[in-house]
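Engineer: To be precise about what I am sending: the file is called upload.cif and holds mmCIF, C-alpha atoms (C1' of nucleotides).
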```
data_input
loop_
_atom_site.label_atom_id
_atom_site.label_comp_id
_atom_site.auth_asym_id
_atom_site.auth_seq_id
_atom_site.Cartn_x
_atom_site.Cartn_y
_atom_site.Cartn_z
CA MET A 1 -2.58 -174.80 116.39
CA PHE A 2 -5.96 -173.04 116.17
CA GLU A 3 -7.23 -173.90 119.66
CA THR A 4 -7.41 -170.32 120.83
CA ILE A 5 -9.58 -169.13 117.99
CA ILE A 6 -11.89 -172.13 118.14
CA GLU A 7 -12.29 -171.70 121.85
CA LYS A 8 -13.13 -168.03 121.31
CA ILE A 9 -15.71 -168.82 118.64
CA ARG A 10 -17.34 -171.37 120.91
CA GLU A 11 -17.98 -168.64 123.44
CA HIS A 12 -20.58 -167.33 120.99
CA VAL A 13 -21.82 -170.20 118.83
CA THR A 14 -21.76 -173.99 118.95
CA LEU A 15 -19.24 -175.50 116.58
CA SER A 16 -18.85 -179.24 116.03
CA ASP A 17 -15.38 -180.79 116.02
CA ASP A 18 -15.80 -181.45 112.30
CA ASP A 19 -16.62 -177.81 111.69
CA ALA A 20 -13.63 -176.80 113.76
CA ALA A 21 -11.36 -179.02 111.69
CA LEU A 22 -12.84 -177.65 108.49
CA LEU A 23 -12.41 -174.10 109.74
CA SER A 24 -8.71 -174.70 110.27
CA THR A 25 -8.27 -175.28 106.55
CA TYR A 26 -9.29 -171.67 105.88
CA LEU A 27 -6.86 -170.13 108.34
CA GLU A 28 -3.16 -169.32 108.31
CA VAL A 29 -0.81 -168.58 111.19
CA ARG A 30 1.48 -165.61 110.84
CA LYS A 31 4.30 -164.46 113.11
CA LEU A 32 4.70 -160.75 113.67
CA ARG A 33 7.72 -158.68 114.52
CA LYS A 34 7.39 -155.38 116.32
CA ASN A 35 6.17 -152.47 114.13
CA GLN A 36 5.20 -154.79 111.29
CA LEU A 37 2.30 -153.52 109.18
CA LEU A 38 -0.60 -155.86 108.45
CA VAL A 39 -2.56 -153.28 106.50
CA GLU A 40 -0.84 -150.43 104.72
CA PRO A 41 -2.51 -147.80 102.53
CA PRO A 42 -3.21 -147.80 99.73
CA TYR A 43 -3.10 -151.59 99.45
CA PRO A 44 -6.53 -153.13 100.14
CA ALA A 45 -7.01 -155.03 103.37
CA ASN A 46 -7.50 -158.51 101.95
CA ALA A 47 -7.74 -160.37 105.26
CA GLU A 48 -9.00 -160.20 108.80
CA TYR A 49 -6.57 -160.94 111.62
CA PHE A 50 -7.24 -162.70 114.93
CA VAL A 51 -4.72 -161.87 117.62
CA VAL A 52 -3.26 -165.00 119.23
CA LYS A 53 -0.44 -163.19 120.96
CA GLY A 54 0.60 -159.56 120.90
CA CYS A 55 -1.16 -156.28 120.36
CA LEU A 56 -2.31 -154.43 117.22
CA ARG A 57 -3.10 -150.82 116.52
CA HIS A 58 -5.51 -149.34 113.96
CA TYR A 59 -4.66 -145.78 112.97
CA PHE A 60 -5.17 -143.05 110.43
CA LEU A 61 -2.28 -141.00 109.10
CA ASP A 62 -3.56 -137.54 108.18
CA GLU A 63 -2.28 -135.07 105.57
CA THR A 64 -0.14 -133.28 108.14
CA GLY A 65 1.67 -136.48 109.10
CA VAL A 66 -0.11 -136.96 112.43
CA GLU A 67 -1.30 -140.44 113.42
CA HIS A 68 -4.76 -140.85 114.95
CA THR A 69 -5.20 -144.15 116.74
CA THR A 70 -8.71 -145.43 116.25
CA ALA A 71 -8.50 -148.87 117.91
CA PHE A 72 -6.35 -151.42 119.68
CA ALA A 73 -6.65 -155.21 119.53
CA MET A 74 -5.31 -157.69 122.04
CA GLU A 75 -5.38 -161.46 122.40
CA GLY A 76 -8.72 -162.87 121.28
CA TRP A 77 -9.73 -159.85 119.21
CA TRP A 78 -10.17 -159.52 115.46
CA MET A 79 -8.87 -156.58 113.49
CA THR A 80 -8.44 -155.21 110.00
CA ASP A 81 -9.41 -152.08 108.09
CA LEU A 82 -13.07 -153.05 107.79
CA GLN A 83 -13.85 -150.25 105.38
CA SER A 84 -11.36 -151.64 102.90
CA PHE A 85 -12.10 -155.27 103.73
CA PHE A 86 -15.82 -154.87 103.11
CA THR A 87 -15.60 -152.86 99.94
CA GLY A 88 -12.32 -154.01 98.42
CA ALA A 89 -11.30 -150.37 98.08
CA PRO A 90 -7.77 -149.14 98.91
CA SER A 91 -7.20 -149.05 102.65
CA LYS A 92 -7.07 -145.68 104.38
CA TYR A 93 -6.03 -146.98 107.78
CA HIS A 94 -2.89 -148.71 108.96
CA VAL A 95 -2.90 -151.84 111.11
CA GLU A 96 0.39 -152.29 112.93
CA ALA A 97 1.83 -154.78 115.42
CA LEU A 98 2.90 -153.00 118.60
CA GLU A 99 4.81 -156.04 119.90
CA GLU A 100 6.17 -159.18 118.37
CA GLY A 101 3.40 -161.75 118.35
CA GLU A 102 1.23 -164.06 116.33
CA VAL A 103 -2.02 -163.66 114.42
CA ILE A 104 -4.37 -165.94 112.52
CA LYS A 105 -5.17 -164.69 109.07
CA LEU A 106 -8.52 -165.18 107.34
CA ARG A 107 -8.44 -164.23 103.69
CA ARG A 108 -11.20 -162.20 102.15
CA GLU A 109 -11.60 -164.43 99.11
CA LEU A 110 -12.13 -167.53 101.24
CA LYS A 111 -14.74 -166.08 103.52
CA ASP A 112 -17.86 -166.64 101.40
CA GLU A 113 -17.00 -170.26 100.79
CA MET A 114 -16.24 -170.71 104.48
CA PHE A 115 -19.62 -169.24 105.40
CA ASN A 116 -21.34 -171.67 103.03
CA LYS A 117 -19.54 -174.66 104.48
CA ILE A 118 -19.86 -173.61 108.12
CA PRO A 119 -23.09 -171.64 108.51
CA ALA A 120 -22.59 -171.14 112.25
CA LEU A 121 -19.82 -168.71 111.44
CA ASN A 122 -22.34 -166.36 109.87
CA ILE A 123 -23.80 -165.93 113.31
CA TYR A 124 -20.39 -165.55 114.94
CA PHE A 125 -19.27 -162.79 112.62
CA ARG A 126 -22.62 -161.10 112.76
CA ILE A 127 -22.27 -160.93 116.53
CA LEU A 128 -18.77 -159.50 116.15
CA TYR A 129 -19.97 -156.75 113.85
CA GLN A 130 -22.95 -155.99 116.04
CA ASN A 131 -20.62 -155.57 118.97
CA ALA A 132 -18.43 -153.30 116.87
CA ILE A 133 -21.42 -151.07 116.13
CA ILE A 134 -22.40 -150.91 119.78
CA SER A 135 -18.94 -150.09 121.04
CA GLN A 136 -18.26 -147.55 118.30
CA ASN A 137 -21.51 -145.85 119.17
CA GLU A 138 -20.39 -145.52 122.78
CA ARG A 139 -17.06 -144.18 121.66
CA ILE A 140 -18.72 -141.47 119.56
CA LEU A 141 -20.82 -140.44 122.50
CA ASN A 142 -17.77 -140.27 124.77
CA ALA A 143 -15.69 -138.39 122.27
CA LEU A 144 -18.33 -135.73 121.74
CA SER A 145 -19.70 -135.31 125.22
CA THR A 146 -17.04 -135.91 127.86
CA THR A 147 -13.81 -134.29 128.98
CA ALA A 148 -10.37 -135.82 128.55
CA ASP A 149 -10.28 -136.74 132.25
CA GLU A 150 -13.46 -138.73 131.93
CA ARG A 151 -12.38 -140.43 128.71
CA TYR A 152 -9.09 -141.46 130.28
CA LEU A 153 -10.78 -142.87 133.38
CA ARG A 154 -13.21 -144.88 131.26
CA PHE A 155 -10.39 -146.13 129.09
CA VAL A 156 -8.42 -147.39 132.10
CA LYS A 157 -11.53 -149.00 133.51
CA LYS A 158 -12.49 -150.70 130.26
CA TYR A 159 -9.00 -151.77 129.14
CA PRO A 160 -6.86 -152.03 132.29
CA ALA A 161 -4.50 -154.39 130.47
CA LEU A 162 -3.65 -151.80 127.82
CA GLU A 163 -2.75 -149.07 130.29
CA ASN A 164 0.68 -150.54 131.05
CA ARG A 165 1.21 -152.28 127.78
CA VAL A 166 1.18 -149.54 125.18
CA PRO A 167 3.06 -146.22 125.34
CA GLN A 168 1.19 -143.24 126.72
CA TYR A 169 1.45 -141.24 123.54
CA LEU A 170 -0.59 -143.89 121.73
CA ILE A 171 -3.24 -143.84 124.43
CA ALA A 172 -3.32 -140.05 124.11
CA SER A 173 -3.78 -140.45 120.38
CA TYR A 174 -6.64 -142.90 121.00
CA LEU A 175 -8.30 -140.46 123.41
CA GLY A 176 -7.93 -137.59 120.96
CA ILE A 177 -5.56 -135.50 123.07
CA THR A 178 -1.85 -134.69 123.04
CA PRO A 179 0.67 -136.78 125.03
CA GLU A 180 1.56 -133.68 127.03
CA PHE A 181 -1.99 -133.13 128.09
CA LEU A 182 -2.50 -136.78 128.98
CA SER A 183 0.48 -136.48 131.27
CA LYS A 184 -1.21 -133.55 133.01
CA VAL A 185 -4.50 -135.41 133.20
CA LYS A 186 -2.75 -138.28 134.95
CA THR A 187 -1.03 -136.14 137.54
CA ARG A 188 -4.29 -134.29 138.20
CA ILE A 189 -6.18 -137.55 138.71
CA ALA A 190 -3.42 -138.96 140.92
CA ALA A 191 -3.56 -135.82 143.05
CA LYS A 192 -7.32 -136.12 143.48
CA LYS A 193 -7.14 -139.72 144.67
CA SER A 194 -4.80 -139.05 147.57
CA MET B 1 -47.76 -149.20 100.03
CA PHE B 2 -44.21 -150.52 100.44
CA GLU B 3 -42.81 -149.38 97.10
CA THR B 4 -40.22 -147.05 98.59
CA ILE B 5 -38.67 -149.65 100.80
CA ILE B 6 -38.62 -152.32 98.10
CA GLU B 7 -37.05 -149.91 95.68
CA LYS B 8 -34.40 -149.06 98.25
CA ILE B 9 -33.62 -152.72 98.94
CA ARG B 10 -33.28 -153.38 95.22
CA GLU B 11 -30.48 -150.83 95.10
CA HIS B 12 -28.40 -153.36 97.00
CA VAL B 13 -29.73 -156.86 96.29
CA THR B 14 -31.97 -158.51 93.73
CA LEU B 15 -35.43 -159.29 95.04
CA SER B 16 -38.08 -161.14 93.06
CA ASP B 17 -41.63 -159.81 92.96
CA ASP B 18 -42.72 -162.80 95.01
CA ASP B 19 -40.10 -162.00 97.63
CA ALA B 20 -41.22 -158.39 97.63
CA ALA B 21 -44.83 -159.45 98.21
CA LEU B 22 -43.77 -161.80 100.98
CA LEU B 23 -41.65 -159.07 102.57
CA SER B 24 -44.69 -156.81 102.77
CA THR B 25 -46.36 -159.27 105.12
CA TYR B 26 -43.64 -158.64 107.71
CA LEU B 27 -43.92 -154.86 107.62
CA GLU B 28 -46.25 -152.30 109.15
CA VAL B 29 -46.83 -148.68 108.24
CA ARG B 30 -46.91 -146.16 111.04
CA LYS B 31 -47.77 -142.47 110.93
CA LEU B 32 -45.72 -140.15 113.11
CA ARG B 33 -46.55 -136.83 114.67
CA LYS B 34 -43.85 -134.32 115.51
CA ASN B 35 -41.82 -135.13 118.64
CA GLN B 36 -43.24 -138.64 118.86
CA LEU B 37 -40.85 -141.17 120.42
CA LEU B 38 -40.23 -144.46 118.61
CA VAL B 39 -37.75 -145.70 121.18
CA GLU B 40 -37.87 -144.53 124.77
CA PRO B 41 -35.63 -145.74 127.61
CA PRO B 42 -35.86 -148.00 129.42
CA TYR B 43 -38.24 -149.87 127.13
CA PRO B 44 -36.37 -152.18 124.74
CA ALA B 45 -36.24 -151.23 121.07
CA ASN B 46 -38.29 -154.05 119.63
CA ALA B 47 -38.31 -152.88 116.02
CA GLU B 48 -36.30 -151.22 113.31
CA TYR B 49 -37.81 -148.27 111.48
CA PHE B 50 -37.45 -147.31 107.83
CA VAL B 51 -38.16 -143.65 107.13
CA VAL B 52 -40.67 -143.19 104.31
CA LYS B 53 -41.28 -139.52 105.04
CA GLY B 54 -39.94 -137.27 107.75
CA CYS B 55 -36.82 -137.15 109.83
CA LEU B 56 -35.71 -139.04 112.95
CA ARG B 57 -33.16 -138.29 115.63
CA HIS B 58 -31.16 -140.72 117.79
CA TYR B 59 -29.98 -139.20 121.06
CA PHE B 60 -28.67 -139.91 124.52
CA LEU B 61 -30.03 -138.12 127.58
CA ASP B 62 -27.27 -137.87 130.18
CA GLU B 63 -27.50 -137.69 133.97
CA THR B 64 -27.39 -133.91 133.92
CA GLY B 65 -30.38 -133.69 131.60
CA VAL B 66 -28.41 -132.77 128.48
CA GLU B 67 -29.28 -134.44 125.18
CA HIS B 68 -26.47 -135.68 122.91
CA THR B 69 -27.59 -136.29 119.35
CA THR B 70 -25.80 -139.31 117.92
CA ALA B 71 -27.53 -139.68 114.55
CA PHE B 72 -30.19 -138.42 112.17
CA ALA B 73 -32.23 -140.46 109.68
CA MET B 74 -34.04 -139.16 106.64
CA GLU B 75 -36.11 -140.73 103.87
CA GLY B 76 -34.71 -144.10 102.85
CA TRP B 77 -32.72 -144.66 106.04
CA TRP B 78 -33.21 -147.23 108.79
CA MET B 79 -32.99 -146.39 112.44
CA THR B 80 -33.46 -147.79 115.92
CA ASP B 81 -31.40 -148.16 119.08
CA LEU B 82 -29.27 -150.98 117.67
CA GLN B 83 -27.67 -151.73 121.02
CA SER B 84 -31.06 -152.53 122.50
CA PHE B 85 -32.41 -154.10 119.33
CA PHE B 86 -29.50 -156.52 119.05
CA THR B 87 -29.34 -157.54 122.69
CA GLY B 88 -32.93 -157.14 123.82
CA ALA B 89 -31.66 -155.07 126.76
CA PRO B 90 -33.40 -151.87 127.91
CA SER B 91 -32.77 -149.02 125.48
CA LYS B 92 -30.40 -146.23 126.53
CA TYR B 93 -31.04 -143.99 123.55
CA HIS B 94 -34.13 -142.16 122.39
CA VAL B 95 -35.39 -142.20 118.82
CA GLU B 96 -37.65 -139.27 118.10
CA ALA B 97 -39.54 -137.92 115.08
CA LEU B 98 -38.45 -134.37 114.29
CA GLU B 99 -41.34 -133.80 111.89
CA GLU B 100 -44.63 -135.46 111.23
CA GLY B 101 -44.07 -138.30 108.82
CA GLU B 102 -44.32 -141.99 108.15
CA VAL B 103 -42.13 -145.00 108.90
CA ILE B 104 -42.20 -148.69 108.11
CA LYS B 105 -41.80 -150.86 111.15
CA LEU B 106 -40.00 -154.20 111.17
CA ARG B 107 -40.49 -156.13 114.39
CA ARG B 108 -37.61 -157.84 116.09
CA GLU B 109 -39.44 -161.10 116.64
CA LEU B 110 -40.29 -161.45 112.94
CA LYS B 111 -36.83 -160.82 111.63
CA ASP B 112 -35.35 -164.32 111.92
CA GLU B 113 -38.32 -165.89 110.17
CA MET B 114 -38.17 -163.24 107.49
CA PHE B 115 -34.48 -163.95 106.93
CA ASN B 116 -35.24 -167.65 106.52
CA LYS B 117 -37.98 -167.02 104.00
CA ILE B 118 -36.13 -164.30 102.07
CA PRO B 119 -32.41 -165.06 102.26
CA ALA B 120 -31.48 -162.08 100.08
CA LEU B 121 -32.39 -159.83 102.99
CA ASN B 122 -29.51 -161.27 104.99
CA ILE B 123 -27.20 -159.68 102.48
CA TYR B 124 -29.11 -156.42 102.47
CA PHE B 125 -29.00 -156.00 106.23
CA ARG B 126 -25.40 -157.11 106.36
CA ILE B 127 -24.55 -154.32 103.93
CA LEU B 128 -26.49 -151.85 106.04
CA TYR B 129 -24.58 -152.78 109.17
CA GLN B 130 -21.27 -152.77 107.35
CA ASN B 131 -22.01 -149.24 106.19
CA ALA B 132 -22.91 -148.30 109.74
CA ILE B 133 -19.50 -149.52 110.95
CA ILE B 134 -17.69 -147.60 108.23
CA SER B 135 -19.52 -144.35 108.80
CA GLN B 136 -19.26 -144.58 112.58
CA ASN B 137 -15.55 -145.13 112.22
CA GLU B 138 -15.24 -141.95 110.21
CA ARG B 139 -17.28 -140.09 112.77
CA ILE B 140 -14.97 -141.21 115.59
CA LEU B 141 -11.97 -140.03 113.64
CA ASN B 142 -13.58 -136.65 112.98
CA ALA B 143 -14.73 -136.20 116.55
CA LEU B 144 -11.27 -136.89 117.96
CA SER B 145 -9.05 -135.22 115.43
CA THR B 146 -10.72 -132.17 113.91
CA THR B 147 -11.92 -128.79 115.09
CA ALA B 148 -15.55 -127.73 115.23
CA ASP B 149 -15.14 -125.66 112.05
CA GLU B 150 -13.97 -128.69 110.13
CA ARG B 151 -16.67 -130.96 111.55
CA TYR B 152 -19.35 -128.47 110.61
CA LEU B 153 -18.05 -128.10 107.06
CA ARG B 154 -17.96 -131.87 106.60
CA PHE B 155 -21.44 -132.19 108.01
CA VAL B 156 -22.86 -129.65 105.57
CA LYS B 157 -21.05 -131.31 102.70
CA LYS B 158 -22.20 -134.80 103.63
CA TYR B 159 -25.78 -133.97 104.60
CA PRO B 160 -26.72 -130.76 102.76
CA ALA B 161 -30.39 -131.63 103.09
CA LEU B 162 -30.23 -131.66 106.90
CA GLU B 163 -28.65 -128.25 107.20
CA ASN B 164 -31.89 -126.38 106.57
CA ARG B 165 -34.23 -129.03 107.85
CA VAL B 166 -33.32 -129.50 111.50
CA PRO B 167 -32.77 -126.73 114.05
CA GLN B 168 -29.20 -125.51 114.57
CA TYR B 169 -29.09 -126.53 118.20
CA LEU B 170 -29.57 -130.15 117.21
CA ILE B 171 -26.80 -129.94 114.65
CA ALA B 172 -24.60 -128.43 117.36
CA SER B 173 -25.48 -131.35 119.61
CA TYR B 174 -24.58 -133.78 116.81
CA LEU B 175 -21.23 -132.04 116.29
CA GLY B 176 -20.49 -132.10 120.01
CA ILE B 177 -20.51 -128.33 120.53
CA THR B 178 -22.88 -125.77 122.05
CA PRO B 179 -25.46 -123.94 119.93
CA GLU B 180 -23.75 -120.65 120.81
CA PHE B 181 -20.44 -121.85 119.51
CA LEU B 182 -21.95 -123.24 116.32
CA SER B 183 -23.43 -119.82 115.68
CA LYS B 184 -19.95 -118.33 115.96
CA VAL B 185 -18.49 -121.02 113.73
CA LYS B 186 -21.03 -120.18 111.06
CA THR B 187 -20.37 -116.45 111.10
CA ARG B 188 -16.62 -117.11 111.02
CA ILE B 189 -16.96 -119.39 108.01
CA ALA B 190 -19.29 -116.96 106.24
CA ALA B 191 -16.74 -114.18 106.80
CA LYS B 192 -13.94 -116.29 105.32
CA LYS B 193 -15.86 -117.09 102.16
CA SER B 194 -16.45 -113.48 101.19
"C1'" DC C 1 -50.29 -108.67 118.48
"C1'" DG C 2 -47.95 -111.23 122.65
"C1'" DG C 3 -45.21 -115.26 124.20
"C1'" DT C 4 -42.26 -118.86 123.53
"C1'" DC C 5 -38.64 -120.89 121.13
"C1'" DT C 6 -34.49 -120.32 118.42
"C1'" DC C 7 -30.50 -117.89 116.93
"C1'" DT C 8 -26.95 -114.38 117.67
"C1'" DT C 9 -23.43 -111.59 120.10
"C1'" DG C 10 -20.12 -110.46 123.69
"C1'" DA C 11 -17.33 -110.94 128.01
"C1'" DC C 12 -15.12 -114.14 130.62
"C1'" DG C 13 -13.29 -118.70 132.24
"C1'" DG C 14 -11.65 -123.30 131.59
"C1'" DA C 15 -10.10 -127.10 128.75
"C1'" DG C 16 -6.73 -128.52 125.65
"C1'" DT C 17 -2.61 -127.31 122.41
"C1'" DT C 18 1.92 -125.82 121.11
"C1'" DC C 19 6.58 -125.20 121.80
"C1'" DA C 20 10.62 -125.76 124.35
"C1'" DA C 21 13.43 -127.86 127.75
"C1'" DA C 22 14.65 -131.17 131.07
"C1'" DG C 23 14.18 -135.77 133.30
"C1'" DC C 24 13.56 -140.60 132.76
"C1'" DT C 25 13.96 -145.34 130.69
"C1'" DA C 26 15.31 -148.91 127.97
"C1'" DG C 27 17.97 -150.74 124.57
"C1'" DT C 28 22.64 -151.11 122.45
"C1'" DG C 29 27.45 -151.44 121.69
"C1'" DG C 30 31.84 -151.40 123.60
"C1'" DC D 1 28.75 -153.96 133.23
"C1'" DC D 2 28.95 -149.43 132.08
"C1'" DA D 3 28.11 -145.43 128.97
"C1'" DC D 4 25.62 -143.61 125.44
"C1'" DT D 5 21.93 -142.66 122.86
"C1'" DA D 6 17.24 -142.36 121.32
"C1'" DG D 7 12.77 -142.28 122.48
"C1'" DC D 8 9.24 -141.52 125.96
"C1'" DT D 9 7.35 -138.76 129.71
"C1'" DT D 10 6.96 -134.71 132.50
"C1'" DT D 11 6.68 -129.71 133.41
"C1'" DG D 12 5.82 -124.91 132.42
"C1'" DA D 13 4.36 -120.64 129.83
"C1'" DA D 14 1.72 -118.67 126.29
"C1'" DC D 15 -1.89 -119.31 123.26
"C1'" DT D 16 -6.31 -121.14 120.93
"C1'" DC D 17 -10.56 -123.42 121.03
"C1'" DC D 18 -14.75 -123.90 123.10
"C1'" DG D 19 -18.17 -123.49 127.11
"C1'" DT D 20 -20.94 -120.67 130.27
"C1'" DC D 21 -23.73 -116.99 131.30
"C1'" DA D 22 -26.45 -113.20 130.14
"C1'" DA D 23 -28.79 -110.22 127.11
"C1'" DG D 24 -30.86 -109.06 122.93
"C1'" DA D 25 -32.85 -110.02 118.18
"C1'" DG D 26 -35.67 -112.64 115.13
"C1'" DA D 27 -39.07 -116.03 114.02
"C1'" DC D 28 -43.01 -118.70 114.55
"C1'" DC D 29 -47.03 -119.94 116.37
"C1'" DG D 30 -51.53 -118.86 119.15
#
```
Now that the file is in, can you turn its structure into structure tokens?

Structural biologist:
Amino acid sequence: MFETIIEKIREHVTLSDDDAALLSTYLEVRKLRKNQLLVEPPYPANAEYFVVKGCLRHYFLDETGVEHTTAFAMEGWWMTDLQSFFTGAPSKYHVEALEEGEVIKLRRELKDEMFNKIPALNIYFRILYQNAIISQNERILNALSTTADERYLRFVKKYPALENRVPQYLIASYLGITPEFLSKVKTRIAAKKS
Amino acid sequence: MFETIIEKIREHVTLSDDDAALLSTYLEVRKLRKNQLLVEPPYPANAEYFVVKGCLRHYFLDETGVEHTTAFAMEGWWMTDLQSFFTGAPSKYHVEALEEGEVIKLRRELKDEMFNKIPALNIYFRILYQNAIISQNERILNALSTTADERYLRFVKKYPALENRVPQYLIASYLGITPEFLSKVKTRIAAKKS
DNA sequence: CGGTCTCTTGACGGAGTTCAAAGCTAGTGG
DNA sequence: CCACTAGCTTTGAACTCCGTCAAGAGACCG
């Protein structure tokens, strides 16, 4: 039942079969329907979610009602509102399922005990968070210093799977531009290639 | 000699006097002159730096020779090129002293041993990195969804001390705009207030 | 004082937005 | 299996935000 997550963890740290079995006792499987919310302000994000199947979106809903997509998560990725999860404060971001699918849920209140029982997981999660810092840093640099064309090209290169999986208006939202302009960017790039 | 850093750590975790004394053995003081580089590509960032006095800047130098400022650090803050520090890979970012000052240096190769001897520091650094994730996430949202006026106002509100401490063209670079445009933003905002 | 470095101001151009309308696609019910 | 609808994408015109370039005004060292 938890093969996928254990396999994924073993890409980063060594985990004995006993540890793997013990880990399973801290996890829950959860089916998702399309558009289901896993985190919804202002309720605190009390769990982290590992995507087994499907696709999640992390977004901020501003005062004017506009959604700003800050991240996507596909199979093998973790996601939650980390700000809320770390601090216990009310969540400010939504986490939503874009497709029907399945996630593995790790509850906040179990995590410390789990870390004590399975120390290797400290390393695993530390690596995850380190990678988050690195990739967020790149994203800041891109957002502040490159044009929409460039950001779109890098997005397609980095996440080719997402390109045809999520609607264009969400990709536009992730890139910080309007859907209309993304459409123009795409036609411009297509014209250049020929 | 290390009072400032120990005081700062004790804001987040409890640290016995013995631990504090032991910690000191892992640290080094380093004087900085203005414009001195602490991290310089492609040399790996082999230490983290705690600012005792002065101000640091984290920036990326692109292919066209333009510098993009990604972060500042003042007294009580840590800084390095985390991407390089975590992975050991060549650094891509510069870390530079903006003023003469003093930092405390923590070497990469000592960190694991230090964590073993003083477990409380695991928690401290975990909190630091969690905060980094949270604040970077906010910065991404701002960069992608707000105008330059708004970004400048938030910057001044969040870091009032920096406003009159670092040159405007570096703040512009941090906000992702040109110095010329920042100048116009400022006069526009000043006009509105009156 | 002189020279360099920073900040300001203005004219112009390009990147991205807004609004509106039309075309396309996929799901849904008959 | 078709027809309809609702939502997504494209296209275009006018507008705003921001960059580029160039020139001038301060400010800070020597």

Engineer: Which one of B:Met79, B:Ile9, B:Leu182, B:Leu141 sits closest to chain A if you count only C-alpha atoms?

Structural biologist: B:Leu141

Engineer: Quick check, in Å to one decimal: how far apart do atom CA of Tyr169 of chain A and atom CA of Val39 of chain A lie?

Structural biologist: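 That distance, rounded to one decimal, is 21.2 Å.
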
Engineer: Which residues of chain A come within 7 Å of chain B, and what is each one's closest atom pair and distance in Å (one decimal), counting only C-alpha atoms, sorted by chain and residue number, as CSV?

Structural biologist:
```
residue,atom,partner,partner_atom,distance
A:Thr70,CA,B:Leu141,CA,6.8
A:Gln83,CA,B:Ile134,CA,5.5
A:Ile133,CA,B:Ile133,CA,5.7
A:Ile134,CA,B:Gln83,CA,5.5
A:Gln136,CA,B:Gln136,CA,6.5
A:Ile140,CA,B:Ile140,CA,5.5
A:Leu141,CA,B:Thr70,CA,6.9
A:Ala143,CA,B:Ala143,CA,6.2
A:Leu144,CA,B:Gly176,CA,4.6
A:Ser145,CA,B:Gly176,CA,6.2
A:Gly176,CA,B:Leu144,CA,4.5
```

Engineer: For the residues selected in the previous step, produce a file with C-alpha atoms as a CSV table (one decimal), in the frame of the given file.

Structural biologist:
```csv
chain,number,residue,atom,x,y,z
A,70,THR,CA,-8.7,-145.4,116.2
A,83,GLN,CA,-13.8,-150.2,105.4
A,133,ILE,CA,-21.4,-151.1,116.1
A,134,ILE,CA,-22.4,-150.9,119.8
A,136,GLN,CA,-18.3,-147.6,118.3
A,140,ILE,CA,-18.7,-141.5,119.6
A,141,LEU,CA,-20.8,-140.4,122.5
A,143,ALA,CA,-15.7,-138.4,122.3
A,144,LEU,CA,-18.3,-135.7,121.7
A,145,SER,CA,-19.7,-135.3,125.2
A,176,GLY,CA,-7.9,-137.6,121.0
```

Engineer: Please indicate the distance in Å from atom CA of Gln36 of chain A to atom CA of Thr4 of chain A, rounded to one decimal place.

Structural biologist: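 Separation between atom CA of Gln36 of chain A and atom CA of Thr4 of chain A: 22.2 Å.
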
Engineer: Tell me, as a list in words, which residues lie within 10 Å of DC7 of chain C, counting only C-alpha atoms (C1' of nucleotides); anything in the same chain fewer than 4 positions away does not count.

Structural biologist: Pro167, Gln168, Tyr169, Pro179, Glu180 and Ser183 of chain B; DA25, DG26 and DA27 of chain D

Engineer: What would the selection look like, as a PDB file with C-alpha atoms (C1' of nucleotides), keeping the file's coordinate frame, if the PyMOL selection byres ((chain D and resi 29) around 12) were run on the coordinates I just shared?

Structural biologist:
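File written: expr_27.pdb
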```pdb
ATOM      1  C1'  DC C   1     -50.290-108.670 118.480  1.00  0.00           C
ATOM      2  C1'  DG C   2     -47.950-111.230 122.650  1.00  0.00           C
ATOM      3  C1'  DG C   3     -45.210-115.260 124.200  1.00  0.00           C
ATOM      4  C1'  DT C   4     -42.260-118.860 123.530  1.00  0.00           C
ATOM      5  C1'  DC C   5     -38.640-120.890 121.130  1.00  0.00           C
TER       6       DC C   5
ATOM      7  C1'  DA D  27     -39.070-116.030 114.020  1.00  0.00           C
ATOM      8  C1'  DC D  28     -43.010-118.700 114.550  1.00  0.00           C
ATOM      9  C1'  DG D  30     -51.530-118.860 119.150  1.00  0.00           C
TER      10       DG D  30
END
```

Engineer: Give me the result of the PyMOL selection byres ((chain C) within 10 of (chain A)) on this file, residue by residue, as a ChimeraX atom specification.

Structural biologist: /C:15-18

Engineer: One decimal, Å: what's the distance from atom CA of Glu100 of chain B over to atom CA of Leu32 of chain B, could you say?

Structural biologist: 5.2 Å

Engineer: What do you get, as number ranges by chain, if you spell out every residue that the PyMOL selection byres ((chain C and resi 21) around 12) selects here?

Structural biologist: C: 19-20, 22-23; D: 10-13

Engineer: Would you save the residues of that selection, restricted to C-alpha atoms (C1' of nucleotides), as a PDB file, in the coordinates of the input?

Structural biologist:
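Generated output (out_22.pdb):
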```
ATOM      1  C1'  DC C  19       6.580-125.200 121.800  1.00  0.00           C
ATOM      2  C1'  DA C  20      10.620-125.760 124.350  1.00  0.00           C
ATOM      3  C1'  DA C  22      14.650-131.170 131.070  1.00  0.00           C
ATOM      4  C1'  DG C  23      14.180-135.770 133.300  1.00  0.00           C
TER       5       DG C  23
ATOM      6  C1'  DT D  10       6.960-134.710 132.500  1.00  0.00           C
ATOM      7  C1'  DT D  11       6.680-129.710 133.410  1.00  0.00           C
ATOM      8  C1'  DG D  12       5.820-124.910 132.420  1.00  0.00           C
ATOM      9  C1'  DA D  13       4.360-120.640 129.830  1.00  0.00           C
TER      10       DA D  13
END
```

Engineer: For chain B, work out the contacting residues on chain D at 9 Å, counting all atoms listed in the file, and write them as a short mmCIF file (atom, residue, chain, number, x, y, z; two decimals) with C-alpha atoms (C1' of nucleotides), in the frame of the given file.

Structural biologist:
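What ended up in out.cif:
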```
data_model
loop_
_atom_site.label_atom_id
_atom_site.label_comp_id
_atom_site.auth_asym_id
_atom_site.auth_seq_id
_atom_site.Cartn_x
_atom_site.Cartn_y
_atom_site.Cartn_z
"C1'" DC D 17 -10.56 -123.42 121.03
"C1'" DC D 18 -14.75 -123.90 123.10
"C1'" DG D 19 -18.17 -123.49 127.11
#
```
